[in-house]
>>> print(open('work-v8.cif').read())   # mmCIF, C-alpha atoms, pLDDT in the B column; chains and numbers go by the auth columns
data_upload
#
loop_
_atom_site.group_PDB
_atom_site.id
_atom_site.type_symbol
_atom_site.label_atom_id
_atom_site.label_comp_id
_atom_site.label_asym_id
_atom_site.label_seq_id
_atom_site.Cartn_x
_atom_site.Cartn_y
_atom_site.Cartn_z
_atom_site.B_iso_or_equiv
_atom_site.auth_seq_id
_atom_site.auth_asym_id
ATOM 1 C CA MET A 1 96.143 96.421 84.388 94.00 1 A
ATOM 2 C CA LYS A 2 97.157 93.274 86.231 97.00 2 A
ATOM 3 C CA ILE A 3 97.181 89.891 84.490 98.00 3 A
ATOM 4 C CA LEU A 4 97.273 86.633 86.436 98.00 4 A
ATOM 5 C CA PHE A 5 98.325 83.368 84.785 98.00 5 A
ATOM 6 C CA VAL A 6 97.014 80.210 86.445 98.00 6 A
ATOM 7 C CA CYS A 7 98.037 76.578 86.101 98.00 7 A
ATOM 8 C CA THR A 8 97.944 73.569 88.399 97.00 8 A
ATOM 9 C CA GLY A 9 101.109 73.734 90.504 97.00 9 A
ATOM 10 C CA ASN A 10 102.572 77.154 89.652 97.00 10 A
ATOM 11 C CA THR A 11 105.972 75.633 88.951 97.00 11 A
ATOM 12 C CA CYS A 12 105.973 75.235 85.137 96.00 12 A
ATOM 13 C CA ARG A 13 103.448 76.809 82.785 98.00 13 A
ATOM 14 C CA SER A 14 102.173 79.840 84.673 98.00 14 A
ATOM 15 C CA PRO A 15 105.610 81.092 85.797 97.00 15 A
ATOM 16 C CA MET A 16 106.884 80.579 82.239 97.00 16 A
ATOM 17 C CA ALA A 17 103.948 82.632 80.906 98.00 17 A
ATOM 18 C CA GLN A 18 104.632 85.265 83.566 97.00 18 A
ATOM 19 C CA ALA A 19 108.317 85.460 82.636 97.00 19 A
ATOM 20 C CA ILE A 20 107.610 85.654 78.889 96.00 20 A
ATOM 21 C CA LEU A 21 105.101 88.471 79.406 96.00 21 A
ATOM 22 C CA GLN A 22 107.443 90.210 81.855 94.00 22 A
ATOM 23 C CA GLU A 23 110.170 90.065 79.202 94.00 23 A
ATOM 24 C CA LYS A 24 107.827 91.863 76.753 93.00 24 A
ATOM 25 C CA ILE A 25 106.761 94.387 79.391 92.00 25 A
ATOM 26 C CA ASP A 26 110.408 95.203 80.105 91.00 26 A
ATOM 27 C CA LYS A 27 111.490 95.413 76.462 91.00 27 A
ATOM 28 C CA GLN A 28 108.508 97.524 75.417 90.00 28 A
ATOM 29 C CA ALA A 29 108.506 99.646 78.600 90.00 29 A
ATOM 30 C CA LEU A 30 104.823 98.882 79.250 88.00 30 A
ATOM 31 C CA ARG A 31 104.391 100.623 82.571 87.00 31 A
ATOM 32 C CA ASN A 32 100.658 100.058 82.856 90.00 32 A
ATOM 33 C CA ILE A 33 100.774 96.239 82.857 93.00 33 A
ATOM 34 C CA GLU A 34 101.682 93.978 85.770 95.00 34 A
ATOM 35 C CA VAL A 35 101.819 90.204 85.670 97.00 35 A
ATOM 36 C CA ASP A 36 101.684 87.468 88.296 97.00 36 A
ATOM 37 C CA SER A 37 101.062 83.716 88.422 98.00 37 A
ATOM 38 C CA ALA A 38 99.478 81.192 90.760 98.00 38 A
ATOM 39 C CA GLY A 39 98.421 77.564 90.983 98.00 39 A
ATOM 40 C CA ILE A 40 95.103 75.934 91.709 97.00 40 A
ATOM 41 C CA PHE A 41 96.613 72.989 93.591 95.00 41 A
ATOM 42 C CA CYS A 42 99.831 74.212 95.173 93.00 42 A
ATOM 43 C CA GLY A 43 101.322 75.564 98.331 89.00 43 A
ATOM 44 C CA PHE A 44 103.444 78.597 99.037 94.00 44 A
ATOM 45 C CA GLY A 45 107.127 78.783 98.242 94.00 45 A
ATOM 46 C CA GLU A 46 107.868 75.894 95.894 96.00 46 A
ATOM 47 C CA PRO A 47 110.591 76.587 93.318 94.00 47 A
ATOM 48 C CA MET A 48 110.059 76.371 89.578 95.00 48 A
ATOM 49 C CA SER A 49 110.745 73.065 87.924 95.00 49 A
ATOM 50 C CA ARG A 50 114.337 72.715 86.766 95.00 50 A
ATOM 51 C CA HIS A 51 113.574 72.883 83.038 96.00 51 A
ATOM 52 C CA ALA A 52 111.305 75.931 83.421 95.00 52 A
ATOM 53 C CA ALA A 53 113.993 77.692 85.455 94.00 53 A
ATOM 54 C CA GLU A 54 116.595 76.944 82.772 94.00 54 A
ATOM 55 C CA ILE A 55 114.382 78.429 80.041 94.00 55 A
ATOM 56 C CA ILE A 56 113.652 81.536 82.089 93.00 56 A
ATOM 57 C CA GLU A 57 117.331 81.968 82.946 92.00 57 A
ATOM 58 C CA GLU A 58 118.105 82.098 79.220 91.00 58 A
ATOM 59 C CA MET A 59 115.734 85.081 78.789 87.00 59 A
ATOM 60 C CA ASP A 60 118.238 87.378 80.462 83.00 60 A
ATOM 61 C CA ILE A 61 115.604 89.151 82.576 80.00 61 A
ATOM 62 C CA PHE A 62 115.407 89.578 86.310 83.00 62 A
ATOM 63 C CA PHE A 63 112.842 87.006 87.405 88.00 63 A
ATOM 64 C CA THR A 64 112.495 85.119 90.650 90.00 64 A
ATOM 65 C CA HIS A 65 109.638 82.819 91.493 94.00 65 A
ATOM 66 C CA LYS A 66 108.144 80.842 94.338 96.00 66 A
ATOM 67 C CA SER A 67 104.766 79.177 93.959 97.00 67 A
ATOM 68 C CA GLN A 68 101.604 80.653 95.390 98.00 68 A
ATOM 69 C CA PRO A 69 98.079 79.269 95.423 98.00 69 A
ATOM 70 C CA VAL A 70 95.120 81.017 93.871 98.00 70 A
ATOM 71 C CA THR A 71 93.268 82.878 96.618 97.00 71 A
ATOM 72 C CA SER A 72 90.177 85.073 96.623 96.00 72 A
ATOM 73 C CA LYS A 73 92.349 88.002 97.638 97.00 73 A
ATOM 74 C CA LEU A 74 94.755 87.466 94.738 97.00 74 A
ATOM 75 C CA LEU A 75 91.913 87.067 92.233 97.00 75 A
ATOM 76 C CA SER A 76 90.321 90.298 93.439 96.00 76 A
ATOM 77 C CA THR A 77 93.496 92.250 92.587 96.00 77 A
ATOM 78 C CA CYS A 78 93.618 91.089 88.956 97.00 78 A
ATOM 79 C CA ASP A 79 91.927 92.611 85.931 96.00 79 A
ATOM 80 C CA ILE A 80 92.384 89.558 83.719 97.00 80 A
ATOM 81 C CA VAL A 81 92.856 85.927 84.774 98.00 81 A
ATOM 82 C CA VAL A 82 94.221 83.582 82.097 98.00 82 A
ATOM 83 C CA THR A 83 94.244 79.849 82.758 98.00 83 A
ATOM 84 C CA MET A 84 96.312 77.266 80.920 98.00 84 A
ATOM 85 C CA THR A 85 93.370 74.929 80.281 98.00 85 A
ATOM 86 C CA ARG A 86 89.608 74.930 79.979 98.00 86 A
ATOM 87 C CA GLU A 87 89.483 72.756 83.102 98.00 87 A
ATOM 88 C CA HIS A 88 91.368 75.383 85.119 98.00 88 A
ATOM 89 C CA LYS A 89 88.890 77.966 83.873 98.00 89 A
ATOM 90 C CA LYS A 90 85.961 75.799 85.000 98.00 90 A
ATOM 91 C CA LEU A 91 87.509 75.470 88.453 97.00 91 A
ATOM 92 C CA LEU A 92 87.720 79.263 88.822 98.00 92 A
ATOM 93 C CA ALA A 93 84.377 80.076 87.187 96.00 93 A
ATOM 94 C CA GLY A 94 82.545 80.811 90.441 92.00 94 A
ATOM 95 C CA GLN A 95 85.359 82.933 91.847 95.00 95 A
ATOM 96 C CA VAL A 96 86.067 85.326 88.954 96.00 96 A
ATOM 97 C CA GLU A 97 83.668 87.406 86.893 95.00 97 A
ATOM 98 C CA GLU A 98 83.141 85.802 83.514 95.00 98 A
ATOM 99 C CA LYS A 99 84.276 88.939 81.661 95.00 99 A
ATOM 100 C CA ARG A 100 87.689 88.764 83.436 96.00 100 A
ATOM 101 C CA LEU A 101 88.293 84.991 83.114 97.00 101 A
ATOM 102 C CA PHE A 102 89.853 83.389 80.037 97.00 102 A
ATOM 103 C CA CYS A 103 91.741 80.252 79.150 97.00 103 A
ATOM 104 C CA PHE A 104 94.474 80.389 76.523 97.00 104 A
ATOM 105 C CA ASP A 105 92.215 78.627 74.032 97.00 105 A
ATOM 106 C CA ASP A 106 89.641 81.448 74.366 96.00 106 A
ATOM 107 C CA ILE A 107 92.324 83.938 73.378 94.00 107 A
ATOM 108 C CA THR A 108 94.265 82.000 70.754 94.00 108 A
ATOM 109 C CA GLY A 109 92.008 79.225 69.488 95.00 109 A
ATOM 110 C CA ASP A 110 95.047 76.937 69.718 93.00 110 A
ATOM 111 C CA GLY A 111 93.804 74.657 72.516 96.00 111 A
ATOM 112 C CA ASP A 112 95.086 74.108 76.026 97.00 112 A
ATOM 113 C CA ILE A 113 98.689 74.632 77.109 97.00 113 A
ATOM 114 C CA ALA A 114 99.966 71.103 77.793 94.00 114 A
ATOM 115 C CA ASP A 115 101.459 70.340 81.194 96.00 115 A
ATOM 116 C CA PRO A 116 105.170 69.543 80.789 96.00 116 A
ATOM 117 C CA TYR A 117 105.612 68.543 84.454 93.00 117 A
ATOM 118 C CA GLY A 118 107.761 65.434 84.676 91.00 118 A
ATOM 119 C CA GLY A 119 108.783 65.684 81.029 93.00 119 A
ATOM 120 C CA ASP A 120 112.146 66.360 79.482 95.00 120 A
ATOM 121 C CA SER A 121 113.487 69.700 78.327 95.00 121 A
ATOM 122 C CA SER A 122 111.890 69.312 74.884 96.00 122 A
ATOM 123 C CA SER A 123 108.446 69.196 76.554 96.00 123 A
ATOM 124 C CA TYR A 124 109.207 72.497 78.260 97.00 124 A
ATOM 125 C CA ARG A 125 110.558 74.018 75.025 96.00 125 A
ATOM 126 C CA ALA A 126 107.306 73.081 73.276 96.00 126 A
ATOM 127 C CA VAL A 127 105.316 74.840 76.017 96.00 127 A
ATOM 128 C CA GLU A 128 107.612 77.870 75.800 96.00 128 A
ATOM 129 C CA ALA A 129 107.007 78.084 72.038 95.00 129 A
ATOM 130 C CA GLN A 130 103.244 77.782 72.516 94.00 130 A
ATOM 131 C CA LEU A 131 103.272 80.476 75.216 96.00 131 A
ATOM 132 C CA ARG A 132 105.422 82.823 73.129 94.00 132 A
ATOM 133 C CA ARG A 133 102.952 82.555 70.235 92.00 133 A
ATOM 134 C CA ALA A 134 100.077 83.335 72.617 94.00 134 A
ATOM 135 C CA ILE A 135 101.494 86.194 74.705 94.00 135 A
ATOM 136 C CA ASP A 136 101.004 88.874 72.022 92.00 136 A
ATOM 137 C CA LYS A 137 97.331 87.916 71.906 94.00 137 A
ATOM 138 C CA VAL A 138 97.127 88.233 75.690 94.00 138 A
ATOM 139 C CA LEU A 139 98.673 91.710 75.414 92.00 139 A
ATOM 140 C CA SER A 140 96.124 92.656 72.749 89.00 140 A
ATOM 141 C CA LEU A 141 93.320 91.505 75.034 88.00 141 A
ATOM 142 C CA ALA A 142 94.763 93.573 77.897 86.00 142 A
ATOM 143 C CA ARG A 143 94.939 96.637 75.691 81.00 143 A
ATOM 144 C CA ARG A 144 91.303 96.196 74.599 82.00 144 A
ATOM 145 C CA GLU A 145 90.226 95.862 78.210 77.00 145 A
ATOM 146 C CA THR A 146 91.887 99.146 79.166 70.00 146 A
ATOM 147 C CA GLU A 147 90.300 101.152 76.329 65.00 147 A
#
>>> encode(input="work-v8.cif", output="structure tokens")
Amino acid sequence: MKILFVCTGNTCRSPMAQAILQEKIDKQALRNIEVDSAGIFCGFGEPMSRHAAEIIEEMDIFFTHKSQPVTSKLLSTCDIVVTMTREHKKLLAGQVEEKRLFCFDDITGDGDIADPYGGDSSSYRAVEAQLRRAIDKVLSLARRETE
């Protein structure tokens, strides 16, 4: 099972979601789940934003990241695609089967994941908290999909 998180620039929200899920995968020894992230409007090789990198560094997991854009090839390798917002989901709707495409609000009912880009560290901490609350629900969805 491969899960892809998608945001706009692949430097804040989606790599944070990827790192949080990777932390759970590592701690729970979930060998059948892989995770990746990408951006709808980004290029290759951009680093994470400073505040996102600081949060991920505190997780004490091995995680490196450089941005990558969403491509047809990448989408075809993923079992589940989870976008940060409903708008991101709309942008991918023609490229991913409906049964494999979700936004966080579909999974949690808690609305979109706000974009912290350009904000201070407290903006990023708020996104981290929102993502942490949501990741268990993403894992539950992945487990249902593999049954």
>>> residues_around(input="work-v8.cif", residues="region 117-133 of chain A", least_positions_apart="3", cutoff="7 Å", atoms="all atoms listed in the file", output="JSON, numbers by chain")
{"A": [12, 17, 20, 51, 52, 113, 114, 136]}
>>> closest_residue(input="work-v8.cif", among="A:Val82, A:Met16, A:Leu139, A:Leu30", to="Glu57 (chain A)", atoms="all atoms listed in the file")
A:Met16
>>> atom_distance(input="work-v8.cif", atom1="CA of Thr64 (chain A)", atom2="CA of Lys99 (chain A)")
29.9 Å
>>> closest_residue(input="work-v8.cif", among="A:Lys137, A:Leu91, A:Phe62, A:Cys78", to="Phe104 (chain A)", atoms="all atoms listed in the file")
A:Lys137
>>> atom_distance(input="work-v8.cif", atom1="CA of Ser140 (chain A)", atom2="CA of Met59 (chain A)")
21.9 Å
>>> residues_near_point(input="work-v8.cif", point="(102.5, 94.5, 76.3)", cutoff="9 Å", atoms="only C-alpha atoms", output="ChimeraX atom specification")
/A:21-22,24-26,28-33,135-136,138-140,142-143
>>> residues_around(input="work-v8.cif", residues="Glu97 (chain A)", least_positions_apart="6", cutoff="10 Å", atoms="only C-alpha atoms", output="PDB file with C-alpha atoms, in the frame of the given file")
ATOM      1  CA  LEU A  75      91.913  87.067  92.233  1.00 97.00           C
ATOM      2  CA  SER A  76      90.321  90.298  93.439  1.00 96.00           C
ATOM      3  CA  ASP A  79      91.927  92.611  85.931  1.00 96.00           C
ATOM      4  CA  ILE A  80      92.384  89.558  83.719  1.00 97.00           C
ATOM      5  CA  VAL A  81      92.856  85.927  84.774  1.00 98.00           C
TER       6      VAL A  81
END
>>> closest_residue(input="work-v8.cif", among="A:Pro15, A:Met48, A:Asp36, A:Gly111", to="Thr77 (chain A)", atoms="only C-alpha atoms")
A:Asp36
>>> axis_aligned_box(input="work-v8.cif", around="region 30-38 of chain A", padding_each_side="6 Å", output="JSON")
{"center_x": 102.2, "center_y": 90.9, "center_z": 85.0, "size_x": 17.3, "size_y": 31.4, "size_z": 23.5}
>>> atom_distance(input="work-v8.cif", atom1="CA of Leu74 (chain A)", atom2="CA of Thr11 (chain A)")
17.3 Å
>>> closest_residue(input="work-v8.cif", among="A:Thr108, A:Thr85, A:Ser37, A:Thr8", to="Lys66 (chain A)", atoms="all atoms listed in the file")
A:Ser37
>>> decode(input="work-v8.cif", residues="region 40-142 of chain A", atoms="C-alpha atoms", output="PDB file, in the first residue's frame")
ATOM      1  CA  ILE A  40       0.663  20.408  -7.580  1.00  0.00           C
ATOM      2  CA  PHE A  41       2.566  23.613  -8.356  1.00  0.00           C
ATOM      3  CA  CYS A  42       6.227  22.927  -7.664  1.00  0.00           C
ATOM      4  CA  GLY A  43       9.468  21.930  -9.254  1.00  0.00           C
ATOM      5  CA  PHE A  44      11.993  19.263  -8.409  1.00  0.00           C
ATOM      6  CA  GLY A  45      14.471  19.572  -5.582  1.00  0.00           C
ATOM      7  CA  GLU A  46      13.269  22.440  -3.407  1.00  0.00           C
ATOM      8  CA  PRO A  47      14.001  22.039   0.313  1.00  0.00           C
ATOM      9  CA  MET A  48      11.335  22.025   2.998  1.00  0.00           C
ATOM     10  CA  SER A  49      10.442  25.326   4.561  1.00  0.00           C
ATOM     11  CA  ARG A  50      12.559  26.137   7.599  1.00  0.00           C
ATOM     12  CA  HIS A  51       9.770  25.711  10.157  1.00  0.00           C
ATOM     13  CA  ALA A  52       8.618  22.389   8.667  1.00  0.00           C
ATOM     14  CA  ALA A  53      12.202  21.113   8.711  1.00  0.00           C
ATOM     15  CA  GLU A  54      12.575  22.116  12.370  1.00  0.00           C
ATOM     16  CA  ILE A  55       9.408  20.221  13.338  1.00  0.00           C
ATOM     17  CA  ILE A  56      10.472  17.127  11.420  1.00  0.00           C
ATOM     18  CA  GLU A  57      13.960  17.260  12.928  1.00  0.00           C
ATOM     19  CA  GLU A  58      12.387  17.091  16.391  1.00  0.00           C
ATOM     20  CA  MET A  59      10.664  13.785  15.493  1.00  0.00           C
ATOM     21  CA  ASP A  60      13.961  11.939  15.746  1.00  0.00           C
ATOM     22  CA  ILE A  61      13.368   9.895  12.580  1.00  0.00           C
ATOM     23  CA  PHE A  62      15.481   9.596   9.481  1.00  0.00           C
ATOM     24  CA  PHE A  63      13.735  11.818   6.949  1.00  0.00           C
ATOM     25  CA  THR A  64      15.119  13.766   4.033  1.00  0.00           C
ATOM     26  CA  HIS A  65      13.031  15.666   1.545  1.00  0.00           C
ATOM     27  CA  LYS A  66      13.254  17.523  -1.731  1.00  0.00           C
ATOM     28  CA  SER A  67      10.116  18.672  -3.510  1.00  0.00           C
ATOM     29  CA  GLN A  68       8.659  16.819  -6.454  1.00  0.00           C
ATOM     30  CA  PRO A  69       5.687  17.686  -8.635  1.00  0.00           C
ATOM     31  CA  VAL A  70       2.662  15.472  -9.044  1.00  0.00           C
ATOM     32  CA  THR A  71       3.076  13.478 -12.253  1.00  0.00           C
ATOM     33  CA  SER A  72       0.930  10.866 -13.968  1.00  0.00           C
ATOM     34  CA  LYS A  73       3.662   8.321 -13.349  1.00  0.00           C
ATOM     35  CA  LEU A  74       3.781   9.077  -9.619  1.00  0.00           C
ATOM     36  CA  LEU A  75      -0.013   8.964  -9.304  1.00  0.00           C
ATOM     37  CA  SER A  76      -0.115   5.591 -11.047  1.00  0.00           C
ATOM     38  CA  THR A  77       2.173   4.079  -8.383  1.00  0.00           C
ATOM     39  CA  CYS A  78      -0.042   5.098  -5.448  1.00  0.00           C
ATOM     40  CA  ASP A  79      -2.962   3.229  -3.933  1.00  0.00           C
ATOM     41  CA  ILE A  80      -4.333   6.223  -2.042  1.00  0.00           C
ATOM     42  CA  VAL A  81      -3.839   9.924  -2.802  1.00  0.00           C
ATOM     43  CA  VAL A  82      -4.665  12.329   0.036  1.00  0.00           C
ATOM     44  CA  THR A  83      -4.774  16.052  -0.677  1.00  0.00           C
ATOM     45  CA  MET A  84      -4.579  18.827   1.889  1.00  0.00           C
ATOM     46  CA  THR A  85      -7.618  20.691   0.542  1.00  0.00           C
ATOM     47  CA  ARG A  86     -10.783  20.141  -1.439  1.00  0.00           C
ATOM     48  CA  GLU A  87      -9.336  22.400  -4.140  1.00  0.00           C
ATOM     49  CA  HIS A  88      -6.280  20.153  -4.512  1.00  0.00           C
ATOM     50  CA  LYS A  89      -8.626  17.194  -4.838  1.00  0.00           C
ATOM     51  CA  LYS A  90     -10.586  18.965  -7.590  1.00  0.00           C
ATOM     52  CA  LEU A  91      -7.358  19.651  -9.472  1.00  0.00           C
ATOM     53  CA  LEU A  92      -6.445  15.945  -9.445  1.00  0.00           C
ATOM     54  CA  ALA A  93      -9.954  14.597 -10.062  1.00  0.00           C
ATOM     55  CA  GLY A  94      -9.380  13.741 -13.725  1.00  0.00           C
ATOM     56  CA  GLN A  95      -6.019  12.101 -13.084  1.00  0.00           C
ATOM     57  CA  VAL A  96      -6.838   9.719 -10.212  1.00  0.00           C
ATOM     58  CA  GLU A  97      -9.674   7.235  -9.861  1.00  0.00           C
ATOM     59  CA  GLU A  98     -12.315   8.610  -7.537  1.00  0.00           C
ATOM     60  CA  LYS A  99     -12.075   5.594  -5.210  1.00  0.00           C
ATOM     61  CA  ARG A 100      -8.339   6.327  -4.631  1.00  0.00           C
ATOM     62  CA  LEU A 101      -8.574  10.131  -4.212  1.00  0.00           C
ATOM     63  CA  PHE A 102      -9.379  11.813  -0.897  1.00  0.00           C
ATOM     64  CA  CYS A 103      -8.841  15.150   0.768  1.00  0.00           C
ATOM     65  CA  PHE A 104      -8.208  15.297   4.505  1.00  0.00           C
ATOM     66  CA  ASP A 105     -11.720  16.617   5.083  1.00  0.00           C
ATOM     67  CA  ASP A 106     -13.175  13.473   3.441  1.00  0.00           C
ATOM     68  CA  ILE A 107     -11.283  11.353   5.953  1.00  0.00           C
ATOM     69  CA  THR A 108     -11.565  13.441   9.110  1.00  0.00           C
ATOM     70  CA  GLY A 109     -14.491  15.812   8.650  1.00  0.00           C
ATOM     71  CA  ASP A 110     -12.261  18.517  10.141  1.00  0.00           C
ATOM     72  CA  GLY A 111     -11.908  20.708   7.034  1.00  0.00           C
ATOM     73  CA  ASP A 112      -8.888  21.577   4.938  1.00  0.00           C
ATOM     74  CA  ILE A 113      -5.314  21.616   6.223  1.00  0.00           C
ATOM     75  CA  ALA A 114      -4.385  25.317   6.243  1.00  0.00           C
ATOM     76  CA  ASP A 115      -1.293  26.421   4.348  1.00  0.00           C
ATOM     77  CA  PRO A 116       1.303  27.724   6.825  1.00  0.00           C
ATOM     78  CA  TYR A 117       3.684  28.924   4.084  1.00  0.00           C
ATOM     79  CA  GLY A 118       5.090  32.314   5.013  1.00  0.00           C
ATOM     80  CA  GLY A 119       3.778  32.065   8.565  1.00  0.00           C
ATOM     81  CA  ASP A 120       5.626  31.814  11.834  1.00  0.00           C
ATOM     82  CA  SER A 121       6.470  28.656  13.731  1.00  0.00           C
ATOM     83  CA  SER A 122       3.110  28.673  15.538  1.00  0.00           C
ATOM     84  CA  SER A 123       1.348  28.363  12.152  1.00  0.00           C
ATOM     85  CA  TYR A 124       3.421  25.276  11.402  1.00  0.00           C
ATOM     86  CA  ARG A 125       2.791  23.834  14.884  1.00  0.00           C
ATOM     87  CA  ALA A 126      -0.957  24.225  14.321  1.00  0.00           C
ATOM     88  CA  VAL A 127      -0.670  22.312  11.030  1.00  0.00           C
ATOM     89  CA  GLU A 128       1.445  19.635  12.721  1.00  0.00           C
ATOM     90  CA  ALA A 129      -1.233  19.184  15.403  1.00  0.00           C
ATOM     91  CA  GLN A 130      -3.979  18.965  12.778  1.00  0.00           C
ATOM     92  CA  LEU A 131      -1.985  16.415  10.762  1.00  0.00           C
ATOM     93  CA  ARG A 132      -1.187  14.316  13.835  1.00  0.00           C
ATOM     94  CA  ARG A 133      -4.899  14.112  14.691  1.00  0.00           C
ATOM     95  CA  ALA A 134      -5.663  13.026  11.115  1.00  0.00           C
ATOM     96  CA  ILE A 135      -2.904  10.486  10.422  1.00  0.00           C
ATOM     97  CA  ASP A 136      -4.509   7.657  12.432  1.00  0.00           C
ATOM     98  CA  LYS A 137      -7.627   8.075  10.304  1.00  0.00           C
ATOM     99  CA  VAL A 138      -5.505   7.886   7.155  1.00  0.00           C
ATOM    100  CA  LEU A 139      -3.958   4.657   8.473  1.00  0.00           C
ATOM    101  CA  SER A 140      -7.428   3.249   9.161  1.00  0.00           C
ATOM    102  CA  LEU A 141      -8.461   4.079   5.604  1.00  0.00           C
ATOM    103  CA  ALA A 142      -5.334   2.356   4.260  1.00  0.00           C
TER     104      ALA A 142
END
